[in-house]
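Chemist: Input structure: work-v3.pdb, which contains PDB, C-alpha atoms, pLDDT in the B column.
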ATOM      1  CA  MET A   1      78.187 106.627 170.414  1.00 92.00           C
ATOM      2  CA  LYS A   2      80.790 106.381 173.157  1.00 97.00           C
ATOM      3  CA  THR A   3      84.445 105.889 172.192  1.00 98.00           C
ATOM      4  CA  TYR A   4      86.549 103.202 173.904  1.00 98.00           C
ATOM      5  CA  SER A   5      90.304 102.679 173.901  1.00 98.00           C
ATOM      6  CA  ARG A   6      91.886  99.364 172.926  1.00 97.00           C
ATOM      7  CA  GLN A   7      92.649  98.827 176.625  1.00 97.00           C
ATOM      8  CA  GLN A   8      88.980  99.306 177.545  1.00 97.00           C
ATOM      9  CA  LEU A   9      87.942  96.914 174.781  1.00 97.00           C
ATOM     10  CA  ALA A  10      90.480  94.350 175.997  1.00 96.00           C
ATOM     11  CA  LEU A  11      88.761  94.233 179.402  1.00 96.00           C
ATOM     12  CA  ARG A  12      85.484  93.158 177.741  1.00 96.00           C
ATOM     13  CA  ASN A  13      86.855  89.694 177.028  1.00 96.00           C
ATOM     14  CA  GLY A  14      84.312  87.670 179.003  1.00 93.00           C
ATOM     15  CA  GLN A  15      86.859  87.020 181.745  1.00 90.00           C
ATOM     16  CA  ASP A  16      87.947  90.349 183.273  1.00 85.00           C
ATOM     17  CA  LYS A  17      84.448  91.817 182.916  1.00 87.00           C
ATOM     18  CA  PRO A  18      81.192  90.036 182.094  1.00 89.00           C
ATOM     19  CA  GLU A  19      80.787  91.812 178.751  1.00 94.00           C
ATOM     20  CA  VAL A  20      81.987  90.066 175.609  1.00 97.00           C
ATOM     21  CA  TRP A  21      82.840  92.695 172.991  1.00 97.00           C
ATOM     22  CA  VAL A  22      84.682  92.659 169.683  1.00 97.00           C
ATOM     23  CA  ALA A  23      85.515  95.430 167.239  1.00 96.00           C
ATOM     24  CA  TYR A  24      85.218  95.434 163.480  1.00 95.00           C
ATOM     25  CA  GLN A  25      86.127  98.385 161.258  1.00 95.00           C
ATOM     26  CA  GLY A  26      86.136 100.813 164.177  1.00 97.00           C
ATOM     27  CA  ILE A  27      82.792  99.769 165.660  1.00 97.00           C
ATOM     28  CA  ILE A  28      82.530  97.759 168.883  1.00 98.00           C
ATOM     29  CA  TYR A  29      79.862  95.061 169.062  1.00 97.00           C
ATOM     30  CA  ASP A  30      78.431  93.288 172.092  1.00 97.00           C
ATOM     31  CA  VAL A  31      78.486  89.543 171.352  1.00 96.00           C
ATOM     32  CA  SER A  32      77.721  88.539 174.966  1.00 95.00           C
ATOM     33  CA  LEU A  33      74.471  86.779 174.072  1.00 92.00           C
ATOM     34  CA  SER A  34      75.965  84.677 171.290  1.00 92.00           C
ATOM     35  CA  ARG A  35      76.404  81.004 172.163  1.00 89.00           C
ATOM     36  CA  LEU A  36      79.385  81.045 169.767  1.00 87.00           C
ATOM     37  CA  TRP A  37      81.255  83.485 172.030  1.00 90.00           C
ATOM     38  CA  LYS A  38      80.901  81.526 175.289  1.00 85.00           C
ATOM     39  CA  ASN A  39      83.610  82.501 177.792  1.00 85.00           C
ATOM     40  CA  GLY A  40      84.952  85.102 175.352  1.00 89.00           C
ATOM     41  CA  LYS A  41      86.311  82.631 172.796  1.00 84.00           C
ATOM     42  CA  HIS A  42      85.080  81.908 169.271  1.00 84.00           C
ATOM     43  CA  TYR A  43      87.127  79.176 167.627  1.00 78.00           C
ATOM     44  CA  GLU A  44      90.683  80.611 167.651  1.00 80.00           C
ATOM     45  CA  HIS A  45      89.537  84.201 168.285  1.00 84.00           C
ATOM     46  CA  TRP A  46      89.345  85.938 171.645  1.00 89.00           C
ATOM     47  CA  ALA A  47      86.928  88.689 172.622  1.00 96.00           C
ATOM     48  CA  GLY A  48      88.206  92.102 173.617  1.00 95.00           C
ATOM     49  CA  GLN A  49      90.035  92.538 170.323  1.00 94.00           C
ATOM     50  CA  ASP A  50      89.713  94.216 166.938  1.00 95.00           C
ATOM     51  CA  LEU A  51      88.821  91.415 164.506  1.00 92.00           C
ATOM     52  CA  THR A  52      88.951  93.504 161.330  1.00 92.00           C
ATOM     53  CA  ASN A  53      91.962  91.688 159.873  1.00 87.00           C
ATOM     54  CA  GLU A  54      90.792  88.247 161.005  1.00 79.00           C
ATOM     55  CA  LEU A  55      87.495  88.428 159.116  1.00 73.00           C
ATOM     56  CA  GLN A  56      89.265  87.703 155.824  1.00 75.00           C
ATOM     57  CA  GLU A  57      89.818  84.115 157.004  1.00 72.00           C
ATOM     58  CA  ALA A  58      86.322  83.630 158.470  1.00 70.00           C
ATOM     59  CA  PRO A  59      83.741  81.369 156.837  1.00 65.00           C
ATOM     60  CA  HIS A  60      81.185  84.208 157.029  1.00 75.00           C
ATOM     61  CA  THR A  61      80.947  87.811 155.840  1.00 77.00           C
ATOM     62  CA  ALA A  62      80.834  91.043 157.814  1.00 83.00           C
ATOM     63  CA  ASN A  63      77.024  90.779 157.732  1.00 86.00           C
ATOM     64  CA  VAL A  64      77.343  88.624 160.854  1.00 88.00           C
ATOM     65  CA  PHE A  65      77.818  91.851 162.834  1.00 91.00           C
ATOM     66  CA  LEU A  66      74.302  92.994 161.881  1.00 92.00           C
ATOM     67  CA  LYS A  67      73.005  90.521 164.489  1.00 94.00           C
ATOM     68  CA  PHE A  68      74.743  92.328 167.328  1.00 95.00           C
ATOM     69  CA  GLU A  69      74.305  95.650 169.081  1.00 96.00           C
ATOM     70  CA  ALA A  70      76.914  98.294 168.322  1.00 98.00           C
ATOM     71  CA  VAL A  71      77.966  99.654 171.723  1.00 98.00           C
ATOM     72  CA  GLY A  72      80.699 102.101 170.798  1.00 98.00           C
ATOM     73  CA  LYS A  73      83.525 103.198 168.593  1.00 98.00           C
ATOM     74  CA  LEU A  74      87.119 102.056 168.849  1.00 98.00           C
ATOM     75  CA  GLU A  75      89.520 104.906 169.542  1.00 97.00           C
ATOM     76  CA  LYS A  76      91.952 105.481 166.681  1.00 86.00           C
TER
END
Could you render the structure from this file as C-alpha cells?

Modeler:
Amino acid sequence: MKTYSRQQLALRNGQDKPEVWVAYQGIIYDVSLSRLWKNGKHYEHWAGQDLTNELQEAPHTANVFLKFEAVGKLEK
C-alpha cells in the first residue's frame, strides 16, 4: 500500500483535487462516493485530514470505515 504524507492527504479534500480522502489510525480511506462527504465536508469535519481523534465524538464506530476502500497509509 502506498504511503502518503499529511500534505498529500490534505490535497484530497474534494476541493484542491477531486478525491475525497480521510485517514483513521494510519490508514487512508477514499470516501469520494459517499453522499455524506459531498464537497469534502461531513458535518463539522473536513476531508484531507486524519480523523482518528475526532471519532471519539462521532455517533458511529470505526466500523464505518469498512464501507470504504483503503487507498494508502499515512506517513508517520

Chemist: Find the distance between atom CA of A:Gln56 and atom CA of A:Lys76 and write it in Å to one decimal.

Modeler: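 Spanning atom CA of A:Gln56 to atom CA of A:Lys76 is a straight-line distance of 21.0 Å.
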
Chemist: Residues picked by the PyMOL selection byres ((chain A and resi 26) around 6) here, as a CSV table (one decimal) with C-alpha atoms, in the coordinates of the input?

Modeler:
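Produced file result.csv, reproduced below:
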chain,number,residue,atom,x,y,z
A,24,TYR,CA,85.2,95.4,163.5
A,25,GLN,CA,86.1,98.4,161.3
A,27,ILE,CA,82.8,99.8,165.7
A,73,LYS,CA,83.5,103.2,168.6
A,74,LEU,CA,87.1,102.1,168.8

Chemist: Determine, counting all atoms listed in the file, which protein, DNA and RNA residues have an atom within 9 Å of an atom of A:Tyr29; residues of the same chain fewer than 6 positions away are not included. Present the result as a ChimeraX atom specification.

Modeler: /A:20-23,65,68-73

Chemist: Figure out the distance between atom CA of A:Glu57 and atom CA of A:Trp37, please, to one decimal in Å.

Modeler: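 Here the two named atoms are 17.3 Å from each other.
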
Chemist: Rounded to one decimal, what separation in Å do you get between atom CA of A:Thr3 and atom CA of A:Glu19?

Modeler: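 Between atom CA of A:Thr3 and atom CA of A:Glu19 the gap works out to 16.0 Å.
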
Chemist: Could you list the residues chosen by the PyMOL selection byres ((chain A and resi 13) around 12) in this structure as number ranges by chain?

Modeler: A: 6-12, 14-23, 29-32, 37-42, 45-50

Chemist: N, CA and C atoms are what I want for stretch 46-64 of chain A; can you complete it accordingly and write them as a JSON list (two decimals), keeping the file's coordinate frame?

Modeler:
[["chain", "number", "residue", "atom", "x", "y", "z"],
["A", 46, "TRP", "N", 89.69, 85.51, 170.29],
["A", 46, "TRP", "CA", 89.34, 85.94, 171.64],
["A", 46, "TRP", "C", 88.62, 87.26, 171.60],
["A", 47, "ALA", "N", 87.65, 87.42, 172.49],
["A", 47, "ALA", "CA", 86.93, 88.69, 172.62],
["A", 47, "ALA", "C", 87.86, 89.75, 173.20],
["A", 48, "GLY", "N", 87.41, 90.99, 173.11],
["A", 48, "GLY", "CA", 88.21, 92.10, 173.62],
["A", 48, "GLY", "C", 89.23, 92.57, 172.61],
["A", 49, "GLN", "N", 89.06, 92.19, 171.36],
["A", 49, "GLN", "CA", 90.04, 92.54, 170.32],
["A", 49, "GLN", "C", 89.35, 93.12, 169.09],
["A", 50, "ASP", "N", 90.15, 93.75, 168.25],
["A", 50, "ASP", "CA", 89.71, 94.22, 166.94],
["A", 50, "ASP", "C", 89.88, 93.05, 165.97],
["A", 51, "LEU", "N", 88.79, 92.58, 165.39],
["A", 51, "LEU", "CA", 88.82, 91.42, 164.51],
["A", 51, "LEU", "C", 88.79, 91.79, 163.03],
["A", 52, "THR", "N", 89.03, 93.05, 162.71],
["A", 52, "THR", "CA", 88.95, 93.50, 161.33],
["A", 52, "THR", "C", 89.82, 92.67, 160.40],
["A", 53, "ASN", "N", 91.06, 92.45, 160.75],
["A", 53, "ASN", "CA", 91.96, 91.69, 159.87],
["A", 53, "ASN", "C", 91.65, 90.19, 159.85],
["A", 54, "GLU", "N", 91.09, 89.67, 160.94],
["A", 54, "GLU", "CA", 90.79, 88.25, 161.00],
["A", 54, "GLU", "C", 89.60, 87.84, 160.15],
["A", 55, "LEU", "N", 88.71, 88.78, 159.84],
["A", 55, "LEU", "CA", 87.50, 88.43, 159.12],
["A", 55, "LEU", "C", 87.79, 87.86, 157.73],
["A", 56, "GLN", "N", 88.92, 88.21, 157.15],
["A", 56, "GLN", "CA", 89.26, 87.70, 155.82],
["A", 56, "GLN", "C", 89.33, 86.18, 155.81],
["A", 57, "GLU", "N", 89.68, 85.57, 156.92],
["A", 57, "GLU", "CA", 89.82, 84.12, 157.00],
["A", 57, "GLU", "C", 88.56, 83.42, 157.53],
["A", 58, "ALA", "N", 87.54, 84.20, 157.88],
["A", 58, "ALA", "CA", 86.32, 83.63, 158.47],
["A", 58, "ALA", "C", 85.43, 83.00, 157.39],
["A", 59, "PRO", "N", 84.65, 82.01, 157.78],
["A", 59, "PRO", "CA", 83.74, 81.37, 156.84],
["A", 59, "PRO", "C", 82.45, 82.16, 156.62],
["A", 60, "HIS", "N", 82.37, 83.36, 157.19],
["A", 60, "HIS", "CA", 81.18, 84.21, 157.03],
["A", 60, "HIS", "C", 81.62, 85.61, 156.62],
["A", 61, "THR", "N", 80.66, 86.43, 156.25],
["A", 61, "THR", "CA", 80.95, 87.81, 155.84],
["A", 61, "THR", "C", 80.75, 88.76, 157.02],
["A", 62, "ALA", "N", 81.01, 90.02, 156.79],
["A", 62, "ALA", "CA", 80.83, 91.04, 157.81],
["A", 62, "ALA", "C", 79.37, 91.22, 158.20],
["A", 63, "ASN", "N", 78.45, 90.68, 157.40],
["A", 63, "ASN", "CA", 77.02, 90.78, 157.73],
["A", 63, "ASN", "C", 76.70, 90.12, 159.07],
["A", 64, "VAL", "N", 77.56, 89.26, 159.56],
["A", 64, "VAL", "CA", 77.34, 88.62, 160.85],
["A", 64, "VAL", "C", 77.22, 89.68, 161.96]]
